[in-house]
Number of protein chains: 2
Amino acid sequence: MSAAKQILALNRFDGDDTAFLPPDLAERVIRRRATFGAASVLFYEQPIEMVRGEGVYLFDAAGNRYLDMYNNVPSVGHCHPAVASAIAAQAARLNVHTRYLNRGVEAYAERLLSHFPAPLSNLVMTCTGSESNDLAMRIASAVTGKGGFVVTRAAYHGNTTAVTAISPSAFSAAPLQPHVRLIPAPQEAGDVAGVFAAHLRAAIAELEESGIGFAALVVDSIFSSDGIFADPPGFLQTALNAVHEAGGLIIADEVQPGFGRTGAGIWGFTRHGIVPDIVTMGKPMGNGFPMGGVVTQPDYLAHFCAATGYFNTFGGNPVAAAAGNAVLDVITEECLIDNAALSGDFLKQGLLELKKEFPRIGGVRGAGLFIGLDFINPETGAPDQPYASNIINAMKQHHILIGAAGLYGHTLKIRPPLCFNIGHGTLFLETLRRVLAGG
Amino acid sequence: MSAAKQILALNRFDGDDTAFLPPDLAERVIRRRATFGAASVLFYEQPIEMVRGEGVYLFDAAGNRYLDMYNNVPSVGHCHPAVASAIAAQAARLNVHTRYLNRGVEAYAERLLSHFPAPLSNLVMTCTGSESNDLAMRIASAVTGKGGFVVTRAAYHGNTTAVTAISPSAFSAAPLQPHVRLIPAPQEAGDVAGVFAAHLRAAIAELEESGIGFAALVVDSIFSSDGIFADPPGFLQTALNAVHEAGGLIIADEVQPGFGRTGAGIWGFTRHGIVPDIVTMGKPMGNGFPMGGVVTQPDYLAHFCAATGYFNTFGGNPVAAAAGNAVLDVITEECLIDNAALSGDFLKQGLLELKKEFPRIGGVRGAGLFIGLDFINPETGAPDQPYASNIINAMKQHHILIGAAGLYGHTLKIRPPLCFNIGHGTLFLETLRRVLAGG
């Protein structure tokens, strides 16, 4: 089984394996499989039926409450009342495309853009992070006249045809396309900046030699699906320099680190002190309302639009603007960026304490409320994906939802909603200790 | 100016042309342009600020009421209370991805699939029609092992990289890619089926000879952006036969004709008596809530999934399911398919009466509440795009919103929400008569 295939398989219910389920659950799963077919993916050896969400919690049909350490879409909290009521009010009043003027849409766009450094002053609203990255790639190719992209080895940037090609964690059997070059994720220590930039320069040189040419580095500054690599802050500056020296662009995919998650500002890239050429947004932007966006400088967007009309029917509709605006309100009013920093530090310190106690724990990395924790073979130090999978299923028995990431699928991906507090952190750490101790 | 460029330009406010606007409107437009940049498109020589929608009406900031003959996204009516309240209730209760079981999502999927003929029994939920067509193209390529697509000359199927390549009406300067072949839209009379299929066979043969091979015909059965070609019902059967003889698939893009618009069943393809291999959905599916879907047979989906993981974060979330379910309720409870047939016939008869009176009117075509009306030079019969543009702006002065389509941009695209009734039809016909008479 390839590493990528392992990630796909991890923490996934095998659709044909219903014999071990209670009869009513087996029937539900079989019916679902008949409907959603081969694209149906359910979490856990015994899938859960969810009925309600609130803050950091999800509730199943039997009334059990689960602490959600997985889900970064409802980033300001499941069903946050401020966002839900903004959606409700606007859906009842006006929901139309962007070819008419609308104050709510324009005010949201101006507010969102006020959080970006110059020269990033134009916004295209889309419906998903995938649509955002798909458009960003075309803008980069239009500006540079080149077709080649560099991404990290287990990157995930979305699900369209073009974006799947730069998402090696999404394909198991399909070969890598010639316009895509993979580089290793940043290393954990040592000359992180220098080694990452060296791999990048080599990949750029290969693309240039191939005749395809180098358009852009597409990078998620928290390296989510690679296993979470955040430190030292600023190491991406050297990569940015290498990209610009080669005449390419840097696309910062903020679908994962954006909207306050890293606790160091609203964007992941600000933690690195860089100004990307194109920024893409998705998941947390509307707290679950389907919306995304691309921000870039006006001449880059104009360059693309000169050849291709871009219109997104649902993109930037007034309901999306209302949801997005409420998300920005909540981030400010509830001090969620500071909370991500403080709660994240508390979690990370607690995990480092656990590491002293349990030799199965390898690296502990992250920023704010996005932390990766490696499970390893204590003798060899090798990644231990089956152990990670066991822990994930055991944590579920203790009503904590969590997933894995990384090239080898052995990294616990700790990514709760941003309203996660010290009390939730204590619950998580105590439960993890119990599970690690075999309790 | 190319024909495609003409369509883009039609009924579009030129962002630099603010000198003729009232000062407050000019300021709004300039600020919007500073935010949305080159991708900003506004309708009308003097853009409108919208603040509210209800049924077939939109209301501007000054309180003017507009009859919306353009918008097929809020297909069961702007801000329909049943849909708005379904969205509000679900957004406050649970909004999460599809990797947990959820009764609302599963019930909606089963209900939607019950409207499809065998063997179309698997559903993948996406966020937009673009994402749906993007996925459908990959399924077709995976199943056939081929990369070539045939579409009509002014087709529009969406905005991703892959789908833009098969949307000639979306690019003005970019060249056609070698894996895409264009065929003329169906003709208005004569051997419609035979001529269309002959063009198709020739395009398929070219793709096969080129070595790229033929994967699929992607077709919107109402030929919306080509100028609306609906008759005779059934003419697509001959095309389907040609596709299958060549070992290819037919992708029915139901973004435009789907969900009752043609008045002859819930899908456009049923009017032609065909069973497509893949069906894609978008715009009207959630009455403005961003959602889309792909329906196909299980082995086709399995074939694709064997090589590529497909997951759509927002796709199939419980709020989308609630919105989609409410849309199906309203279509049934308000008899919107029958209404589309009856109101559409009333409109079409009225337009044919106007044609006798006004030699500027050429063809009148359509099905249900999707009607195309050509404006021509009465002497030569040639398409008259500037006249269509004048009529569109004049209708706006009379508070009726309408757009144009077609290769030459001379076809009035009559496509109101499906709750459009005979009274609205009378208002529209009387206003159009006045405008045509120069009143």
# chains A, B, ... in the order shown; residues from 1 in each chain; ligands from 1
$ closest_atom_pairs --of "chain B" --to "chain A" --cutoff "6 Å" --atoms "only C-alpha atoms" --output "tab-separated table"
residue	atom	partner	partner_atom	distance
B:Thr35	CA	A:Asn122	CA	5.0
B:Phe36	CA	A:Leu123	CA	5.2
B:Gly37	CA	A:Asn122	CA	5.6
B:Ala38	CA	A:Ala302	CA	4.9
B:Val41	CA	A:Arg99	CA	5.7
B:Leu42	CA	A:Arg99	CA	4.3
B:Phe43	CA	A:Arg99	CA	5.5
B:Ile48	CA	A:Tyr100	CA	5.5
B:Glu49	CA	A:Leu101	CA	4.2
B:Met50	CA	A:Asn102	CA	5.8
B:Arg52	CA	A:Leu94	CA	4.7
B:Gly53	CA	A:Leu94	CA	4.9
B:Cys79	CA	A:Ala92	CA	5.1
B:Ala84	CA	A:Ala92	CA	5.3
B:Ala88	CA	A:Ala88	CA	4.5
B:Ala91	CA	A:Ala84	CA	5.4
B:Ala92	CA	A:Cys79	CA	5.1
B:Arg93	CA	A:Arg52	CA	5.3
B:Leu94	CA	A:Arg52	CA	4.7
B:Arg99	CA	A:Leu42	CA	4.2
B:Tyr100	CA	A:Ile48	CA	5.5
B:Leu101	CA	A:Glu49	CA	4.2
B:Asn102	CA	A:Glu49	CA	5.5
B:Asn122	CA	A:Thr35	CA	5.0
B:Leu123	CA	A:Phe36	CA	5.2
B:Ala170	CA	A:Gly309	CA	5.1
B:Phe171	CA	A:Thr308	CA	4.4
B:Ser172	CA	A:Ala307	CA	5.7
B:Ala173	CA	A:Ala307	CA	4.6
B:Ala174	CA	A:Ala307	CA	5.5
B:Pro290	CA	A:Phe314	CA	5.9
B:Pro298	CA	A:Gly37	CA	6.0
B:Ala302	CA	A:Ala38	CA	4.9
B:Ala307	CA	A:Ala173	CA	4.6
B:Thr308	CA	A:Phe171	CA	4.4
B:Gly309	CA	A:Ala170	CA	5.1
B:Phe314	CA	A:Pro290	CA	5.9
$ select_by_dssp --residues "segment 203-425 of chain A" --states "helix (DSSP H, G or I)" --output "ChimeraX atom specification"
/A:203-210,236-245,268-271,283-286,298-305,318-333,336-357,385-397,422-425
$ write_last_selection --atoms "C-alpha atoms" --output "PDB file, in the first residue's frame"
ATOM      1  CA  ALA A 203      12.224  21.599  -8.481  1.00  0.00           C
ATOM      2  CA  ILE A 204      12.027  25.009 -10.166  1.00  0.00           C
ATOM      3  CA  ALA A 205      15.171  24.236 -12.159  1.00  0.00           C
ATOM      4  CA  GLU A 206      13.676  20.917 -13.315  1.00  0.00           C
ATOM      5  CA  LEU A 207      10.484  22.636 -14.477  1.00  0.00           C
ATOM      6  CA  GLU A 208      12.454  25.286 -16.343  1.00  0.00           C
ATOM      7  CA  GLU A 209      14.683  22.658 -17.984  1.00  0.00           C
ATOM      8  CA  SER A 210      11.647  20.602 -19.003  1.00  0.00           C
ATOM      9  CA  LEU A 236       9.032  30.675   4.192  1.00  0.00           C
ATOM     10  CA  GLN A 237      10.787  33.999   3.452  1.00  0.00           C
ATOM     11  CA  THR A 238      13.723  32.132   1.919  1.00  0.00           C
ATOM     12  CA  ALA A 239      11.291  30.118  -0.221  1.00  0.00           C
ATOM     13  CA  LEU A 240       9.565  33.323  -1.327  1.00  0.00           C
ATOM     14  CA  ASN A 241      12.916  34.756  -2.395  1.00  0.00           C
ATOM     15  CA  ALA A 242      13.700  31.636  -4.417  1.00  0.00           C
ATOM     16  CA  VAL A 243      10.297  31.814  -6.109  1.00  0.00           C
ATOM     17  CA  HIS A 244      10.663  35.466  -7.044  1.00  0.00           C
ATOM     18  CA  GLU A 245      14.241  35.069  -8.252  1.00  0.00           C
ATOM     19  CA  GLY A 268      -0.889  31.871   8.324  1.00  0.00           C
ATOM     20  CA  PHE A 269       1.445  33.786   6.018  1.00  0.00           C
ATOM     21  CA  THR A 270       1.684  36.762   8.408  1.00  0.00           C
ATOM     22  CA  ARG A 271       3.343  34.416  10.908  1.00  0.00           C
ATOM     23  CA  LYS A 283     -13.335  26.193   4.684  1.00  0.00           C
ATOM     24  CA  PRO A 284     -13.489  28.497   7.761  1.00  0.00           C
ATOM     25  CA  MET A 285     -14.466  31.629   5.814  1.00  0.00           C
ATOM     26  CA  GLY A 286     -18.241  31.185   6.339  1.00  0.00           C
ATOM     27  CA  PRO A 298      -5.154  44.177  -9.512  1.00  0.00           C
ATOM     28  CA  ASP A 299      -2.776  43.835 -12.458  1.00  0.00           C
ATOM     29  CA  TYR A 300      -2.516  40.074 -11.961  1.00  0.00           C
ATOM     30  CA  LEU A 301      -6.286  39.686 -11.963  1.00  0.00           C
ATOM     31  CA  ALA A 302      -6.624  41.994 -14.977  1.00  0.00           C
ATOM     32  CA  HIS A 303      -4.027  39.932 -16.835  1.00  0.00           C
ATOM     33  CA  PHE A 304      -6.102  36.784 -16.350  1.00  0.00           C
ATOM     34  CA  CYS A 305      -9.434  38.444 -17.128  1.00  0.00           C
ATOM     35  CA  PRO A 318     -25.376  38.310  -0.096  1.00  0.00           C
ATOM     36  CA  VAL A 319     -25.900  35.286   2.185  1.00  0.00           C
ATOM     37  CA  ALA A 320     -22.225  34.333   1.869  1.00  0.00           C
ATOM     38  CA  ALA A 321     -21.276  37.939   2.635  1.00  0.00           C
ATOM     39  CA  ALA A 322     -23.518  37.916   5.715  1.00  0.00           C
ATOM     40  CA  ALA A 323     -21.993  34.643   6.930  1.00  0.00           C
ATOM     41  CA  GLY A 324     -18.451  35.842   6.256  1.00  0.00           C
ATOM     42  CA  ASN A 325     -19.106  39.140   7.980  1.00  0.00           C
ATOM     43  CA  ALA A 326     -20.494  37.383  11.058  1.00  0.00           C
ATOM     44  CA  VAL A 327     -17.393  35.165  11.168  1.00  0.00           C
ATOM     45  CA  LEU A 328     -15.137  38.240  11.218  1.00  0.00           C
ATOM     46  CA  ASP A 329     -17.341  39.764  13.956  1.00  0.00           C
ATOM     47  CA  VAL A 330     -17.063  36.651  16.112  1.00  0.00           C
ATOM     48  CA  ILE A 331     -13.285  36.346  15.615  1.00  0.00           C
ATOM     49  CA  THR A 332     -12.958  39.923  16.904  1.00  0.00           C
ATOM     50  CA  GLU A 333     -15.608  39.916  19.629  1.00  0.00           C
ATOM     51  CA  LEU A 336     -10.429  34.031  18.906  1.00  0.00           C
ATOM     52  CA  ILE A 337      -6.938  34.754  17.594  1.00  0.00           C
ATOM     53  CA  ASP A 338      -5.611  35.364  21.103  1.00  0.00           C
ATOM     54  CA  ASN A 339      -7.579  32.361  22.276  1.00  0.00           C
ATOM     55  CA  ALA A 340      -5.995  30.205  19.566  1.00  0.00           C
ATOM     56  CA  ALA A 341      -2.556  31.323  20.760  1.00  0.00           C
ATOM     57  CA  LEU A 342      -3.230  30.765  24.475  1.00  0.00           C
ATOM     58  CA  SER A 343      -5.295  27.566  24.253  1.00  0.00           C
ATOM     59  CA  GLY A 344      -2.894  26.265  21.628  1.00  0.00           C
ATOM     60  CA  ASP A 345       0.122  26.885  23.866  1.00  0.00           C
ATOM     61  CA  PHE A 346      -1.635  25.171  26.758  1.00  0.00           C
ATOM     62  CA  LEU A 347      -2.348  22.143  24.568  1.00  0.00           C
ATOM     63  CA  LYS A 348       1.153  21.998  23.158  1.00  0.00           C
ATOM     64  CA  GLN A 349       2.785  22.201  26.595  1.00  0.00           C
ATOM     65  CA  GLY A 350       0.490  19.444  27.840  1.00  0.00           C
ATOM     66  CA  LEU A 351       1.390  17.273  24.857  1.00  0.00           C
ATOM     67  CA  LEU A 352       5.103  17.850  25.424  1.00  0.00           C
ATOM     68  CA  GLU A 353       4.566  16.691  29.020  1.00  0.00           C
ATOM     69  CA  LEU A 354       2.834  13.546  27.711  1.00  0.00           C
ATOM     70  CA  LYS A 355       5.769  12.954  25.362  1.00  0.00           C
ATOM     71  CA  LYS A 356       8.092  12.638  28.387  1.00  0.00           C
ATOM     72  CA  GLU A 357       5.795   9.959  29.755  1.00  0.00           C
ATOM     73  CA  GLN A 385       0.291   4.522  11.406  1.00  0.00           C
ATOM     74  CA  PRO A 386      -1.615   1.517  12.844  1.00  0.00           C
ATOM     75  CA  TYR A 387      -0.977   2.833  16.353  1.00  0.00           C
ATOM     76  CA  ALA A 388      -2.282   6.284  15.337  1.00  0.00           C
ATOM     77  CA  SER A 389      -5.384   4.609  13.918  1.00  0.00           C
ATOM     78  CA  ASN A 390      -5.935   2.690  17.152  1.00  0.00           C
ATOM     79  CA  ILE A 391      -5.616   5.859  19.217  1.00  0.00           C
ATOM     80  CA  ILE A 392      -8.125   7.672  16.972  1.00  0.00           C
ATOM     81  CA  ASN A 393     -10.696   4.896  17.407  1.00  0.00           C
ATOM     82  CA  ALA A 394     -10.013   4.659  21.148  1.00  0.00           C
ATOM     83  CA  MET A 395     -10.436   8.427  21.548  1.00  0.00           C
ATOM     84  CA  LYS A 396     -13.797   8.090  19.850  1.00  0.00           C
ATOM     85  CA  GLN A 397     -14.829   5.560  22.515  1.00  0.00           C
ATOM     86  CA  ILE A 422      -8.390  25.549  28.638  1.00  0.00           C
ATOM     87  CA  GLY A 423     -11.150  23.379  30.102  1.00  0.00           C
ATOM     88  CA  HIS A 424     -11.591  21.573  26.790  1.00  0.00           C
ATOM     89  CA  GLY A 425      -7.808  21.269  26.635  1.00  0.00           C
TER      90      GLY A 425
END
$ select_by_dssp --residues "segment 213-358 of chain A" --states "strand (DSSP E)" --output "ChimeraX atom specification"
/A:214-219,249-253,278-281,292-296
$ write_last_selection --atoms "N, CA and C atoms" --output "compact mmCIF listing (two decimals), in the first residue's frame"
# COMPACT_ATOMS: atom_id res chain seq x y z
N PHE A 214 8.20 27.45 -14.73
CA PHE A 214 7.71 27.51 -13.35
C PHE A 214 6.72 28.66 -13.19
N ALA A 215 5.51 28.31 -12.80
CA ALA A 215 4.49 29.34 -12.55
C ALA A 215 4.42 29.71 -11.08
N ALA A 216 4.27 28.71 -10.21
CA ALA A 216 4.05 29.06 -8.81
C ALA A 216 4.36 27.91 -7.85
N LEU A 217 4.75 28.31 -6.65
CA LEU A 217 4.74 27.43 -5.47
C LEU A 217 3.39 27.60 -4.81
N VAL A 218 2.66 26.50 -4.64
CA VAL A 218 1.39 26.54 -3.90
C VAL A 218 1.66 25.95 -2.53
N VAL A 219 1.44 26.76 -1.50
CA VAL A 219 1.86 26.32 -0.18
C VAL A 219 0.84 26.70 0.89
N LEU A 249 5.47 32.90 -8.91
CA LEU A 249 4.60 33.46 -7.89
C LEU A 249 4.45 32.48 -6.73
N ILE A 250 4.05 33.03 -5.58
CA ILE A 250 3.74 32.17 -4.45
C ILE A 250 2.25 32.31 -4.14
N ILE A 251 1.57 31.16 -4.16
CA ILE A 251 0.15 31.11 -3.83
C ILE A 251 0.04 30.57 -2.41
N ALA A 252 -0.43 31.42 -1.49
CA ALA A 252 -0.61 30.97 -0.10
C ALA A 252 -2.03 30.43 0.06
N ASP A 253 -2.10 29.12 0.28
CA ASP A 253 -3.40 28.47 0.46
C ASP A 253 -3.77 28.60 1.93
N ILE A 278 -0.58 35.62 -4.37
CA ILE A 278 -2.00 35.27 -4.44
C ILE A 278 -2.34 34.54 -3.14
N VAL A 279 -3.48 34.84 -2.58
CA VAL A 279 -3.93 34.16 -1.36
C VAL A 279 -5.28 33.51 -1.66
N THR A 280 -5.45 32.27 -1.23
CA THR A 280 -6.73 31.58 -1.43
C THR A 280 -7.35 31.22 -0.09
N MET A 281 -8.67 31.26 -0.06
CA MET A 281 -9.42 31.00 1.18
C MET A 281 -10.55 30.03 0.91
N GLY A 292 -15.59 30.76 -0.63
CA GLY A 292 -14.14 30.84 -0.74
C GLY A 292 -13.77 32.14 -1.40
N GLY A 293 -12.46 32.37 -1.54
CA GLY A 293 -12.05 33.61 -2.17
C GLY A 293 -10.61 33.57 -2.63
N VAL A 294 -10.30 34.44 -3.58
CA VAL A 294 -8.94 34.63 -4.08
C VAL A 294 -8.61 36.10 -3.94
N VAL A 295 -7.47 36.41 -3.33
CA VAL A 295 -7.04 37.80 -3.21
C VAL A 295 -5.70 37.94 -3.94
N THR A 296 -5.59 38.96 -4.75
CA THR A 296 -4.32 39.19 -5.45
C THR A 296 -4.21 40.67 -5.79
